[in-house]
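Have a look at work_6.pdb; it's PDB, C-alpha atoms and all ligand atoms:
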ATOM      1  CA  MET Z   1      81.340  90.260  98.270
ATOM      2  CA  PRO Z   2      83.914  91.516 100.751
ATOM      3  CA  PRO Z   3      83.099  95.098 101.634
ATOM      4  CA  GLY Z   4      85.047  98.148 100.672
ATOM      5  CA  THR Z   5      87.513  99.241  98.058
ATOM      6  CA  MET Z   6      89.767 101.174 100.397
ATOM      7  CA  THR Z   7      92.962  99.625  99.072
ATOM      8  CA  SER Z   8      94.419  98.136  95.935
ATOM      9  CA  SER Z   9      94.097  94.668  97.485
ATOM     10  CA  ALA Z  10      90.412  95.087  98.326
ATOM     11  CA  GLU Z  11      89.723  96.363  94.818
ATOM     12  CA  HIS Z  12      91.564  93.447  93.239
ATOM     13  CA  GLN Z  13      89.707  90.960  95.413
ATOM     14  CA  GLN Z  14      86.379  92.417  94.305
ATOM     15  CA  PHE Z  15      87.485  92.138  90.690
ATOM     16  CA  ASP Z  16      88.719  88.556  91.155
ATOM     17  CA  ILE Z  17      85.476  87.423  92.741
ATOM     18  CA  ALA Z  18      83.325  89.105  90.087
ATOM     19  CA  PHE Z  19      85.469  87.689  87.284
ATOM     20  CA  LEU Z  20      85.488  84.159  88.697
ATOM     21  CA  ALA Z  21      81.720  84.301  89.237
ATOM     22  CA  MET Z  22      81.295  85.237  85.574
ATOM     23  CA  VAL Z  23      83.612  82.455  84.410
ATOM     24  CA  GLY Z  24      82.010  79.947  86.773
ATOM     25  CA  ALA Z  25      78.400  80.783  85.835
ATOM     26  CA  PRO Z  26      78.397  78.940  82.456
ATOM     27  CA  VAL Z  27      79.993  75.874  84.065
ATOM     28  CA  MET Z  28      77.398  75.874  86.818
ATOM     29  CA  LEU Z  29      74.557  76.380  84.312
ATOM     30  CA  PHE Z  30      75.868  73.487  82.215
ATOM     31  CA  VAL Z  31      75.915  71.177  85.251
ATOM     32  CA  TRP Z  32      72.382  72.161  86.335
ATOM     33  CA  ILE Z  33      70.861  71.964  82.883
ATOM     34  CA  TYR Z  34      72.622  68.680  82.157
ATOM     35  CA  ALA Z  35      71.474  67.265  85.487
ATOM     36  CA  GLY Z  36      67.890  68.368  84.744
ATOM     37  CA  TYR Z  37      68.058  66.849  81.287
ATOM     38  CA  ALA Z  38      69.412  63.564  82.689
ATOM     39  CA  LEU Z  39      66.719  63.433  85.358
ATOM     40  CA  VAL Z  40      63.903  63.888  82.863
ATOM     41  CA  ASN Z  41      65.173  61.843  79.912
ATOM     42  CA  TRP Z  42      67.196  59.055  81.465
ATOM     43  CA  ARG Z  43      65.056  58.034  84.379
ATOM     44  CA  HIS Z  44      64.054  54.419  84.649
ATOM     45  CA  ARG Z  45      60.849  53.489  82.869
ATOM     46  CA  GLU Z  46      58.603  50.474  83.367
ATOM     47  CA  GLY Z  47      59.743  47.506  81.318
ATOM     48  CA  ASP Z  48      62.918  49.202  80.100
ATOM     49  CA  ASP Z  49      65.904  47.336  81.566
ATOM     50  CA  GLU Z  50      68.423  48.238  78.899
ATOM     51  CA  ASP Z  51      71.504  50.310  79.685
ATOM     52  CA  GLY Z  52      72.478  53.362  77.622
ATOM     53  CA  PRO Z  53      75.587  53.650  75.461
ATOM     54  CA  PRO Z  54      78.795  53.447  77.564
ATOM     55  CA  ILE Z  55      81.064  56.499  78.063
ATOM     56  CA  HIS Z  56      83.986  54.166  78.766
ATOM     57  CA  GLY Z  57      85.895  53.706  75.527
ATOM     58  CA  ASN Z  58      84.207  56.648  73.836
ATOM     59  CA  ALA Z  59      87.287  58.550  72.596
ATOM     60  CA  LYS Z  60      85.406  61.668  71.555
ATOM     61  CA  ILE Z  61      83.737  62.192  74.940
ATOM     62  CA  GLN Z  62      86.948  61.425  76.819
ATOM     63  CA  ALA Z  63      89.016  63.861  74.716
ATOM     64  CA  THR Z  64      86.397  66.599  75.081
ATOM     65  CA  TRP Z  65      86.155  65.994  78.822
ATOM     66  CA  ILE Z  66      89.930  66.063  79.400
ATOM     67  CA  GLY Z  67      90.380  69.027  77.061
ATOM     68  CA  ALA Z  68      87.619  71.174  78.592
ATOM     69  CA  THR Z  69      88.569  70.518  82.200
ATOM     70  CA  ALA Z  70      92.281  71.099  81.431
ATOM     71  CA  VAL Z  71      91.487  74.468  79.835
ATOM     72  CA  ILE Z  72      89.362  75.492  82.807
ATOM     73  CA  VAL Z  73      91.888  74.433  85.467
ATOM     74  CA  LEU Z  74      94.949  75.805  83.647
ATOM     75  CA  GLY Z  75      93.084  79.022  82.886
ATOM     76  CA  LEU Z  76      92.315  79.460  86.578
ATOM     77  CA  PHE Z  77      95.960  78.694  87.408
ATOM     78  CA  VAL Z  78      97.232  81.393  85.031
ATOM     79  CA  PHE Z  79      94.608  83.918  86.159
ATOM     80  CA  GLY Z  80      95.342  83.267  89.844
ATOM     81  CA  THR Z  81      99.101  83.544  89.368
ATOM     82  CA  VAL Z  82      98.872  86.771  87.368
ATOM     83  CA  GLU Z  83      96.482  88.265  89.900
ATOM     84  CA  LEU Z  84      98.926  87.389  92.650
ATOM     85  CA  ILE Z  85     101.895  89.042  90.927
ATOM     86  CA  VAL Z  86     100.340  92.104  89.301
ATOM     87  CA  PRO Z  87      99.050  93.788  92.480
ATOM     88  CA  ALA Z  88     102.489  92.961  93.947
ATOM     89  CA  GLY Z  89     101.243  91.371  97.084
ATOM     90  CA  ALA Z  90      97.598  90.522  97.232
ATOM     91  CA  GLY Z  91      97.073  91.714 100.780
ATOM     92  CA  ALA Z  92      97.813  88.342 102.292
ATOM     93  CA  GLY Z  93     100.727  87.372 104.481
ATOM     94  CA  GLU Z  94     103.586  86.173 102.323
ATOM     95  CA  GLY Z  95     106.023  85.119 105.010
ATOM     96  CA  PRO Z  96     109.277  86.797 106.018
ATOM     97  CA  SER Z  97     110.648  87.195 102.465
ATOM     98  CA  PRO Z  98     107.875  87.907  99.952
ATOM     99  CA  ILE Z  99     108.541  86.845  96.376
ATOM    100  CA  TRP Z 100     106.675  89.803  94.914
ATOM    101  CA  GLN Z 101     107.195  93.298  96.218
ATOM    102  CA  PRO Z 102     105.471  96.564  95.345
ATOM    103  CA  ASN Z 103     107.541  98.564  92.872
ATOM    104  CA  THR Z 104     108.043 101.458  95.220
ATOM    105  CA  SER Z 105     110.589 101.807  97.985
ATOM    106  CA  ASN Z 106     108.443 104.520  99.522
ATOM    107  CA  ARG Z 107     106.531 102.334 101.978
ATOM    108  CA  LEU Z 108     105.006 102.964 105.333
ATOM    109  CA  GLN Z 109     106.113 100.172 107.635
ATOM    110  CA  VAL Z 110     103.700  99.006 110.294
ATOM    111  CA  GLN Z 111     104.447  96.191 112.673
ATOM    112  CA  VAL Z 112     101.243  94.479 113.751
ATOM    113  CA  ILE Z 113     101.650  92.780 117.108
ATOM    114  CA  GLY Z 114      98.912  90.383 118.145
ATOM    115  CA  GLN Z 115      98.465  89.145 121.668
ATOM    116  CA  GLN Z 116      95.608  87.859 123.790
ATOM    117  CA  TRP Z 117      93.444  89.855 123.083
ATOM    118  CA  ALA Z 118      94.492  93.010 121.351
ATOM    119  CA  PHE Z 119      96.511  94.349 118.463
ATOM    120  CA  THR Z 120      99.290  96.879 118.864
ATOM    121  CA  TYR Z 121     100.671  98.834 115.916
ATOM    122  CA  ARG Z 122     104.246  99.985 115.847
ATOM    123  CA  PHE Z 123     105.536 102.581 113.408
ATOM    124  CA  PRO Z 124     109.332 102.179 113.077
ATOM    125  CA  GLN Z 125     109.628 105.210 110.794
ATOM    126  CA  PHE Z 126     108.203 107.345 113.589
ATOM    127  CA  GLY Z 127     110.701 106.432 116.257
ATOM    128  CA  GLY Z 128     108.999 103.099 116.902
ATOM    129  CA  MET Z 129     105.964 104.724 118.461
ATOM    130  CA  GLU Z 130     103.074 102.408 119.235
ATOM    131  CA  SER Z 131      99.344 102.770 119.025
ATOM    132  CA  SER Z 132      96.371 100.567 119.785
ATOM    133  CA  THR Z 133      94.538 102.165 116.856
ATOM    134  CA  LEU Z 134      95.656 101.607 113.289
ATOM    135  CA  VAL Z 135      95.803 104.923 111.471
ATOM    136  CA  LEU Z 136      96.976 104.965 107.854
ATOM    137  CA  PRO Z 137      97.459 107.747 105.326
ATOM    138  CA  ALA Z 138      95.614 107.719 101.979
ATOM    139  CA  ASN Z 139      97.429 106.896  98.736
ATOM    140  CA  THR Z 140     100.257 105.095 100.490
ATOM    141  CA  THR Z 141     101.890 101.716 100.051
ATOM    142  CA  VAL Z 142     101.900  99.963 103.400
ATOM    143  CA  GLU Z 143     104.209  97.149 104.437
ATOM    144  CA  PHE Z 144     102.684  95.213 107.318
ATOM    145  CA  HIS Z 145     104.921  93.037 109.470
ATOM    146  CA  VAL Z 146     102.559  90.762 111.351
ATOM    147  CA  THR Z 147     103.627  88.816 114.400
ATOM    148  CA  SER Z 148     102.298  87.590 117.737
ATOM    149  CA  LEU Z 149     103.468  87.585 121.317
ATOM    150  CA  ASP Z 150     101.678  84.469 122.446
ATOM    151  CA  VAL Z 151      99.360  82.220 120.454
ATOM    152  CA  ILE Z 152      98.346  82.204 116.803
ATOM    153  CA  HIS Z 153      96.219  85.193 115.837
ATOM    154  CA  SER Z 154      95.276  86.533 112.448
ATOM    155  CA  PHE Z 155      95.286  90.197 111.469
ATOM    156  CA  TRP Z 156      92.236  90.870 109.343
ATOM    157  CA  ALA Z 157      91.658  94.444 108.239
ATOM    158  CA  TYR Z 158      88.325  93.823 106.598
ATOM    159  CA  GLN Z 159      87.791  96.773 104.253
ATOM    160  CA  LEU Z 160      91.492  96.881 103.392
ATOM    161  CA  GLY Z 161      91.397  93.361 101.991
ATOM    162  CA  VAL Z 162      94.352  92.424 104.181
ATOM    163  CA  LYS Z 163      94.501  89.196 106.130
ATOM    164  CA  ALA Z 164      97.726  87.772 107.497
ATOM    165  CA  ASP Z 165      98.452  85.159 110.135
ATOM    166  CA  ALA Z 166     100.107  86.429 113.296
ATOM    167  CA  ASN Z 167     102.389  83.670 114.552
ATOM    168  CA  PRO Z 168     104.813  84.003 117.465
ATOM    169  CA  GLY Z 169     108.405  84.289 116.275
ATOM    170  CA  VAL Z 170     107.387  84.852 112.673
ATOM    171  CA  ASP Z 171     107.548  88.033 110.621
ATOM    172  CA  ASN Z 172     104.680  87.703 108.181
ATOM    173  CA  VAL Z 173     104.811  90.457 105.570
ATOM    174  CA  ALA Z 174     101.722  91.755 103.765
ATOM    175  CA  PHE Z 175     101.499  94.665 101.342
ATOM    176  CA  THR Z 176      98.684  96.907 100.317
ATOM    177  CA  THR Z 177      98.214 100.386  98.890
ATOM    178  CA  THR Z 178      95.574 102.631 100.348
ATOM    179  CA  LYS Z 179      93.427 104.585  97.934
ATOM    180  CA  ASN Z 180      92.121 108.094  98.165
ATOM    181  CA  GLN Z 181      89.135 106.960 100.199
ATOM    182  CA  LEU Z 182      89.031 108.263 103.745
ATOM    183  CA  GLY Z 183      87.064 106.486 106.428
ATOM    184  CA  SER Z 184      87.026 103.748 109.029
ATOM    185  CA  PHE Z 185      87.667 100.063 108.679
ATOM    186  CA  THR Z 186      87.332  97.057 110.956
ATOM    187  CA  VAL Z 187      90.223  95.029 112.304
ATOM    188  CA  ARG Z 188      89.421  91.570 113.570
ATOM    189  CA  CYS Z 189      91.361  88.642 114.851
ATOM    190  CA  ASN Z 190      90.543  85.836 112.463
ATOM    191  CA  GLU Z 191      92.035  82.895 114.308
ATOM    192  CA  LEU Z 192      90.411  81.386 117.376
ATOM    193  CA  CYS Z 193      92.887  82.502 120.009
ATOM    194  CA  GLY Z 194      91.258  81.984 123.373
ATOM    195  CA  LEU Z 195      88.482  83.136 125.637
ATOM    196  CA  TRP Z 196      88.124  86.717 124.367
ATOM    197  CA  HIS Z 197      88.851  86.014 120.717
ATOM    198  CA  GLY Z 198      85.436  87.378 119.818
ATOM    199  CA  ALA Z 199      86.251  90.675 121.510
ATOM    200  CA  MET Z 200      89.564  91.054 119.683
ATOM    201  CA  TYR Z 201      88.564  93.758 117.247
ATOM    202  CA  ASN Z 202      88.612  97.493 116.871
ATOM    203  CA  TYR Z 203      88.454 100.163 114.210
ATOM    204  CA  GLY Z 204      91.174 101.740 112.134
ATOM    205  CA  HIS Z 205      91.102 104.881 110.036
ATOM    206  CA  ILE Z 206      92.413 106.055 106.708
ATOM    207  CA  VAL Z 207      93.099 109.763 106.912
ATOM    208  CA  SER Z 208      94.791 112.367 104.714
ATOM    209  CA  GLN Z 209      98.581 112.395 104.530
ATOM    210  CA  GLY Z 210      98.691 115.638 106.503
ATOM    211  CA  ALA Z 211      96.396 114.355 109.240
ATOM    212  CA  PHE Z 212      98.395 111.152 109.473
ATOM    213  CA  ASN Z 213     101.706 112.991 109.847
ATOM    214  CA  ALA Z 214     100.238 115.223 112.529
ATOM    215  CA  TRP Z 215      98.844 112.204 114.395
ATOM    216  CA  ALA Z 216     102.022 110.132 114.108
ATOM    217  CA  ARG Z 217     104.315 112.958 115.179
ATOM    218  CA  GLY Z 218     101.974 113.744 118.044
ATOM    219  CA  VAL Z 219     102.000 110.194 119.384
ATOM    220  CA  GLN Z 220     105.749 109.950 118.852
ATOM    221  CA  LEU Z 221     106.303 113.180 120.750
ATOM    222  CA  GLN Z 222     104.023 112.140 123.584
ATOM    223  CA  GLN Z 223     105.658 108.747 123.967
ATOM    224  CA  ALA Z 224     109.099 110.337 123.834
ATOM    225  CA  ARG Z 225     108.023 112.751 126.586
ATOM    226  CA  ASN Z 226     106.752 109.888 128.697
ATOM    227  CA  GLY Z 227     110.089 108.182 128.309
ATOM    228  CA  ILE Z 228     108.574 105.203 126.545
ATOM    229  CA  LEU Z 229     110.119 105.710 123.162
ATOM    230  CA  ASN Z 230     113.754 105.563 124.145
ATOM    231  CA  GLU Z 231     113.136 102.403 126.125
ATOM    232  CA  LEU Z 232     111.590 100.522 123.239
ATOM    233  CA  PRO Z 233     113.801  98.006 121.501
ATOM    234  CA  PRO Z 234     114.747  98.808 117.916
ATOM    235  CA  TYR Z 235     112.500  97.708 115.104
ATOM    236  CA  ALA Z 236     112.692  93.980 114.832
ATOM    237  CA  THR Z 237     111.170  91.361 112.613
ATOM    238  CA  THR Z 238     109.839  89.661 115.697
ATOM    239  CA  TYR Z 239     108.660  91.235 118.877
ATOM    240  CA  ASP Z 240     110.243  89.635 121.887
ATOM    241  CA  PRO Z 241     108.926  91.122 125.129
ATOM    242  CA  THR Z 242     111.850  89.709 127.096
ATOM    243  CA  VAL Z 243     114.177  92.260 125.501
ATOM    244  CA  ILE Z 244     112.068  95.205 126.597
ATOM    245  CA  PRO Z 245     113.603  96.742 129.701
ATOM    246  CA  GLN Z 246     111.411  97.396 132.673
ATOM    247  CA  LEU Z 247     110.184 100.952 132.578
ATOM    248  CA  GLY Z 248     109.494 103.571 135.172
ATOM    249  CA  ALA Z 249     106.479 103.290 137.437
ATOM    250  CA  SER Z 250     104.665 105.921 135.422
ATOM    251  CA  ILE Z 251     104.353 103.707 132.403
ATOM    252  CA  VAL Z 252     102.326 100.594 133.087
ATOM    253  CA  LYS Z 253     101.537  99.489 136.581
ATOM    254  CA  ILE Z 254      99.000  96.776 137.229
ATOM    255  CA  ASP Z 255      98.779  94.808 140.465
ATOM    256  CA  GLY Z 256     101.976  96.476 141.598
ATOM    257  CA  ILE Z 257     103.869  95.086 138.631
ATOM    258  CA  THR Z 258     105.596  97.517 136.335
ATOM    259  CA  GLY Z 259     105.255  96.402 132.763
ATOM    260  CA  GLY Z 260     107.042  96.851 129.507
ATOM    261  CA  ALA Z 261     106.318  99.331 126.805
ATOM    262  CA  GLY Z 262     103.858  97.222 124.898
ATOM    263  CA  TYR Z 263     100.242  97.020 125.866
ATOM    264  CA  TYR Z 264     100.832  94.084 128.121
ATOM    265  CA  TYR Z 265     102.409  93.487 131.483
ATOM    266  CA  PRO Z 266     104.722  90.719 132.694
ATOM    267  CA  PRO Z 267     102.146  88.121 133.813
ATOM    268  CA  GLN Z 268     100.868  88.218 130.232
ATOM    269  CA  ASP Z 269     104.299  87.733 128.753
ATOM    270  CA  PRO Z 270     104.494  84.787 126.415
ATOM    271  CA  VAL Z 271     107.324  82.340 126.173
ATOM    272  CA  THR Z 272     110.261  83.578 124.177
ATOM    273  CA  PRO Z 273     109.710  82.890 120.463
TER     274      PRO Z 273
HETATM  275 CU    CU U   1      93.477  86.671 118.352
END

Take the structure in this file and express it as C-alpha cells.
Amino acid sequence: MPPGTMTSSAEHQQFDIAFLAMVGAPVMLFVWIYAGYALVNWRHREGDDEDGPPIHGNAKIQATWIGATAVIVLGLFVFGTVELIVPAGAGAGEGPSPIWQPNTSNRLQVQVIGQQWAFTYRFPQFGGMESSTLVLPANTTVEFHVTSLDVIHSFWAYQLGVKADANPGVDNVAFTTTKNQLGSFTVRCNELCGLWHGAMYNYGHIVSQGAFNAWARGVQLQQARNGILNELPPYATTYDPTVIPQLGASIVKIDGITGGAGYYYPPQDPVTP
C-alpha cells in the first residue's frame, strides 16, 4: 500500500488498491484452486494414454469463458474511468490541458521545476516567489505545473499520491486536494536522471492555512527585498532559463559566474526547450 492519506488522491489510490485486491482475490483463488485440481486429477497415469474431452468446439465453455472475462475487463474499464473522473484529477500528470478539472476555481498554483538534481517550487500567486522546500496549506486544492530545465525527471510526492513526469518544454498539470492532516511528506525524483538521481529528494510539509500564508508572504517579502522577485520572468507554462535576466552579484555567484534567479547557474543551463 502506498503510504499516507494526506490528500484526496492518496486516499483514492488506497481505496482503488483495496477494492481491486478484493475483486481480484476470487479470480486468483479460482486460478489456484483450479490449477491444484488439474494437477491432482488430470496428471498422467500409467497405462492411460487417452486424452480428455476437448474444449475446442464446446459452446458452453467458450460462451462462459468469453462472458466472464468480458465482464471482468469491462468492469475494470468502467471502474478505472469513473475513478479517474470523480476525484477530478487522480494526482497524476495529465498534460498541458487536463480533461478533468477540480470543480473549484480556488486553487493554489505551484510550478514544480525539476533539474539535475533538485526541485524548485514557484508560487505564482505569491509574486512568483521560489522555494526549494514544498510547503502546502491544509484543505486546499493544488494545481501543480510540472516541468524540467534539462532532462526528464519525475515529481513524486509520495504521501500526497502525486506523481507527474517533468519533461523539458512541457507543462504537465496534476491536481490534488490536501486534507486536514498536517505533517511531512517525501518528494522524490522518480525518473533516472543522471549521476545524483538517487540524491534528488527532500521533504515537504503540509501546514495550517495561517502558517502557510505567513511562510509564503515571508519568502515573497524576502525575495522582493533581495531584488530577486522583480527580476523573475512572469509565470509561464514552461520555465526557460534563457529568459531570466542576469541578476546582481548578491544573488547567486559561483566560480565568479553570476547566475539567474532559479537554483542553478549558467553552466548548468539546459538547452532552450
Ligand atoms: Cu531527476

Protein and nucleic residues near ligand CU 1 (chain U), 12 Å, all atoms listed in the file, as a ChimeraX atom specification: /Z:112-120,147-156,164-168,187-202

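Between atom CA of Z:Gln223 and atom CA of Z:Ser132 the interatomic distance comes to 13.1 Å.
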
Kindly give the distance, in Å, that separates atom CA of Z:Glu11 and atom CA of Z:Val135, rounded to a single decimal.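 These atoms are spaced 19.7 Å apart.
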
Could you list as a ChimeraX atom specification every residue that has an atom within 12 Å of (99.5, 86.3, 94.1), using the file's coordinates and counting all atoms listed in the file? /Z:9,12-13,16,77-94,98-102,174-175

Taking only residues of stretch 57-139 of chain Z that have an atom at most 8 Å from an atom of stretch 206-221 of chain Z, what is each one's shortest atom pair and its distance in Å to one decimal, using all atoms listed in the file, in chain and number order, as JSON lines?
{"residue": "Z:Phe126", "atom": "CA", "partner": "Z:Gln220", "partner_atom": "CA", "distance": 6.4}
{"residue": "Z:Gly127", "atom": "CA", "partner": "Z:Gln220", "partner_atom": "CA", "distance": 6.6}
{"residue": "Z:Gly128", "atom": "CA", "partner": "Z:Gln220", "partner_atom": "CA", "distance": 7.8}
{"residue": "Z:Met129", "atom": "CA", "partner": "Z:Gln220", "partner_atom": "CA", "distance": 5.2}
{"residue": "Z:Glu130", "atom": "CA", "partner": "Z:Val219", "partner_atom": "CA", "distance": 7.9}
{"residue": "Z:Ser131", "atom": "CA", "partner": "Z:Val219", "partner_atom": "CA", "distance": 7.9}
{"residue": "Z:Val135", "atom": "CA", "partner": "Z:Ile206", "partner_atom": "CA", "distance": 6.0}
{"residue": "Z:Leu136", "atom": "CA", "partner": "Z:Ile206", "partner_atom": "CA", "distance": 4.8}
{"residue": "Z:Pro137", "atom": "CA", "partner": "Z:Gln209", "partner_atom": "CA", "distance": 4.8}
{"residue": "Z:Ala138", "atom": "CA", "partner": "Z:Ser208", "partner_atom": "CA", "distance": 5.5}

Residues of the last selection are to be written out with C-alpha atoms, as a compact mmCIF listing (two decimals), in the frame of the given file.
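Everything below was put into again09.txt:
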# COMPACT_ATOMS: atom_id res chain seq x y z
CA PHE Z 126 108.20 107.34 113.59
CA GLY Z 127 110.70 106.43 116.26
CA GLY Z 128 109.00 103.10 116.90
CA MET Z 129 105.96 104.72 118.46
CA GLU Z 130 103.07 102.41 119.24
CA SER Z 131 99.34 102.77 119.02
CA VAL Z 135 95.80 104.92 111.47
CA LEU Z 136 96.98 104.96 107.85
CA PRO Z 137 97.46 107.75 105.33
CA ALA Z 138 95.61 107.72 101.98

Each side padded by 5 Å, which centre and which edge lengths in Å (one decimal) define the axis-aligned box around the listed atoms of stretch 186-199 of chain Z? Give them as AutoDock Vina command-line options.
--center_x 89.2 --center_y 89.2 --center_z 118.3 --size_x 17.5 --size_y 25.7 --size_z 24.7

Please fill the gaps in stretch 149-169 of chain Z so it has N, CA, C and O atoms, and write that as a PDB file, in the frame of the given file.
ATOM      1  N   LEU Z 149     102.690  87.764 120.087  1.00  0.00           N
ATOM      2  CA  LEU Z 149     103.468  87.585 121.317  1.00  0.00           C
ATOM      3  C   LEU Z 149     103.187  86.250 121.978  1.00  0.00           C
ATOM      4  O   LEU Z 149     103.973  85.760 122.777  1.00  0.00           O
ATOM      5  N   ASP Z 150     102.031  85.677 121.694  1.00  0.00           N
ATOM      6  CA  ASP Z 150     101.678  84.469 122.446  1.00  0.00           C
ATOM      7  C   ASP Z 150     101.193  83.340 121.533  1.00  0.00           C
ATOM      8  O   ASP Z 150     101.976  82.541 121.072  1.00  0.00           O
ATOM      9  N   VAL Z 151      99.910  83.312 121.261  1.00  0.00           N
ATOM     10  CA  VAL Z 151      99.360  82.220 120.454  1.00  0.00           C
ATOM     11  C   VAL Z 151      99.161  82.694 119.015  1.00  0.00           C
ATOM     12  O   VAL Z 151      99.512  83.809 118.666  1.00  0.00           O
ATOM     13  N   ILE Z 152      98.590  81.844 118.201  1.00  0.00           N
ATOM     14  CA  ILE Z 152      98.346  82.204 116.803  1.00  0.00           C
ATOM     15  C   ILE Z 152      97.114  83.098 116.711  1.00  0.00           C
ATOM     16  O   ILE Z 152      96.033  82.743 117.159  1.00  0.00           O
ATOM     17  N   HIS Z 153      97.319  84.289 116.152  1.00  0.00           N
ATOM     18  CA  HIS Z 153      96.219  85.193 115.837  1.00  0.00           C
ATOM     19  C   HIS Z 153      96.212  85.400 114.325  1.00  0.00           C
ATOM     20  O   HIS Z 153      97.065  84.880 113.623  1.00  0.00           O
ATOM     21  N   SER Z 154      95.273  86.168 113.860  1.00  0.00           N
ATOM     22  CA  SER Z 154      95.276  86.533 112.448  1.00  0.00           C
ATOM     23  C   SER Z 154      94.786  87.966 112.307  1.00  0.00           C
ATOM     24  O   SER Z 154      93.716  88.318 112.812  1.00  0.00           O
ATOM     25  N   PHE Z 155      95.605  88.785 111.667  1.00  0.00           N
ATOM     26  CA  PHE Z 155      95.286  90.197 111.469  1.00  0.00           C
ATOM     27  C   PHE Z 155      94.400  90.322 110.232  1.00  0.00           C
ATOM     28  O   PHE Z 155      94.814  90.021 109.127  1.00  0.00           O
ATOM     29  N   TRP Z 156      93.182  90.754 110.452  1.00  0.00           N
ATOM     30  CA  TRP Z 156      92.236  90.870 109.343  1.00  0.00           C
ATOM     31  C   TRP Z 156      91.650  92.271 109.326  1.00  0.00           C
ATOM     32  O   TRP Z 156      90.780  92.594 110.113  1.00  0.00           O
ATOM     33  N   ALA Z 157      92.183  93.091 108.427  1.00  0.00           N
ATOM     34  CA  ALA Z 157      91.658  94.444 108.239  1.00  0.00           C
ATOM     35  C   ALA Z 157      90.653  94.363 107.098  1.00  0.00           C
ATOM     36  O   ALA Z 157      91.016  94.381 105.924  1.00  0.00           O
ATOM     37  N   TYR Z 158      89.414  94.227 107.490  1.00  0.00           N
ATOM     38  CA  TYR Z 158      88.325  93.823 106.598  1.00  0.00           C
ATOM     39  C   TYR Z 158      88.248  94.641 105.310  1.00  0.00           C
ATOM     40  O   TYR Z 158      88.438  94.128 104.211  1.00  0.00           O
ATOM     41  N   GLN Z 159      87.999  95.936 105.442  1.00  0.00           N
ATOM     42  CA  GLN Z 159      87.791  96.773 104.253  1.00  0.00           C
ATOM     43  C   GLN Z 159      89.078  97.063 103.498  1.00  0.00           C
ATOM     44  O   GLN Z 159      89.052  97.602 102.405  1.00  0.00           O
ATOM     45  N   LEU Z 160      90.221  96.690 104.101  1.00  0.00           N
ATOM     46  CA  LEU Z 160      91.492  96.881 103.392  1.00  0.00           C
ATOM     47  C   LEU Z 160      91.835  95.656 102.556  1.00  0.00           C
ATOM     48  O   LEU Z 160      92.795  95.668 101.790  1.00  0.00           O
ATOM     49  N   GLY Z 161      91.082  94.580 102.729  1.00  0.00           N
ATOM     50  CA  GLY Z 161      91.397  93.361 101.991  1.00  0.00           C
ATOM     51  C   GLY Z 161      92.717  92.757 102.417  1.00  0.00           C
ATOM     52  O   GLY Z 161      93.403  92.118 101.627  1.00  0.00           O
ATOM     53  N   VAL Z 162      93.089  92.964 103.679  1.00  0.00           N
ATOM     54  CA  VAL Z 162      94.352  92.424 104.181  1.00  0.00           C
ATOM     55  C   VAL Z 162      94.063  91.393 105.264  1.00  0.00           C
ATOM     56  O   VAL Z 162      93.318  91.669 106.203  1.00  0.00           O
ATOM     57  N   LYS Z 163      94.637  90.217 105.104  1.00  0.00           N
ATOM     58  CA  LYS Z 163      94.501  89.196 106.130  1.00  0.00           C
ATOM     59  C   LYS Z 163      95.802  88.410 106.202  1.00  0.00           C
ATOM     60  O   LYS Z 163      96.233  87.819 105.218  1.00  0.00           O
ATOM     61  N   ALA Z 164      96.434  88.436 107.358  1.00  0.00           N
ATOM     62  CA  ALA Z 164      97.726  87.772 107.497  1.00  0.00           C
ATOM     63  C   ALA Z 164      97.807  87.100 108.860  1.00  0.00           C
ATOM     64  O   ALA Z 164      97.445  87.698 109.875  1.00  0.00           O
ATOM     65  N   ASP Z 165      98.297  85.888 108.875  1.00  0.00           N
ATOM     66  CA  ASP Z 165      98.452  85.159 110.135  1.00  0.00           C
ATOM     67  C   ASP Z 165      99.470  85.856 111.032  1.00  0.00           C
ATOM     68  O   ASP Z 165     100.478  86.361 110.559  1.00  0.00           O
ATOM     69  N   ALA Z 166      99.172  85.869 112.317  1.00  0.00           N
ATOM     70  CA  ALA Z 166     100.107  86.429 113.296  1.00  0.00           C
ATOM     71  C   ALA Z 166     100.622  85.272 114.148  1.00  0.00           C
ATOM     72  O   ALA Z 166      99.928  84.799 115.044  1.00  0.00           O
ATOM     73  N   ASN Z 167     101.806  84.803 113.837  1.00  0.00           N
ATOM     74  CA  ASN Z 167     102.389  83.670 114.552  1.00  0.00           C
ATOM     75  C   ASN Z 167     103.565  84.137 115.400  1.00  0.00           C
ATOM     76  O   ASN Z 167     104.364  84.952 114.950  1.00  0.00           O
ATOM     77  N   PRO Z 168     103.676  83.604 116.619  1.00  0.00           N
ATOM     78  CA  PRO Z 168     104.813  84.003 117.465  1.00  0.00           C
ATOM     79  C   PRO Z 168     106.133  83.628 116.795  1.00  0.00           C
ATOM     80  O   PRO Z 168     106.279  82.540 116.257  1.00  0.00           O
ATOM     81  N   GLY Z 169     107.083  84.558 116.831  1.00  0.00           N
ATOM     82  CA  GLY Z 169     108.405  84.289 116.275  1.00  0.00           C
ATOM     83  C   GLY Z 169     108.482  84.353 114.770  1.00  0.00           C
ATOM     84  O   GLY Z 169     109.500  84.029 114.186  1.00  0.00           O
TER      85      GLY Z 169
END
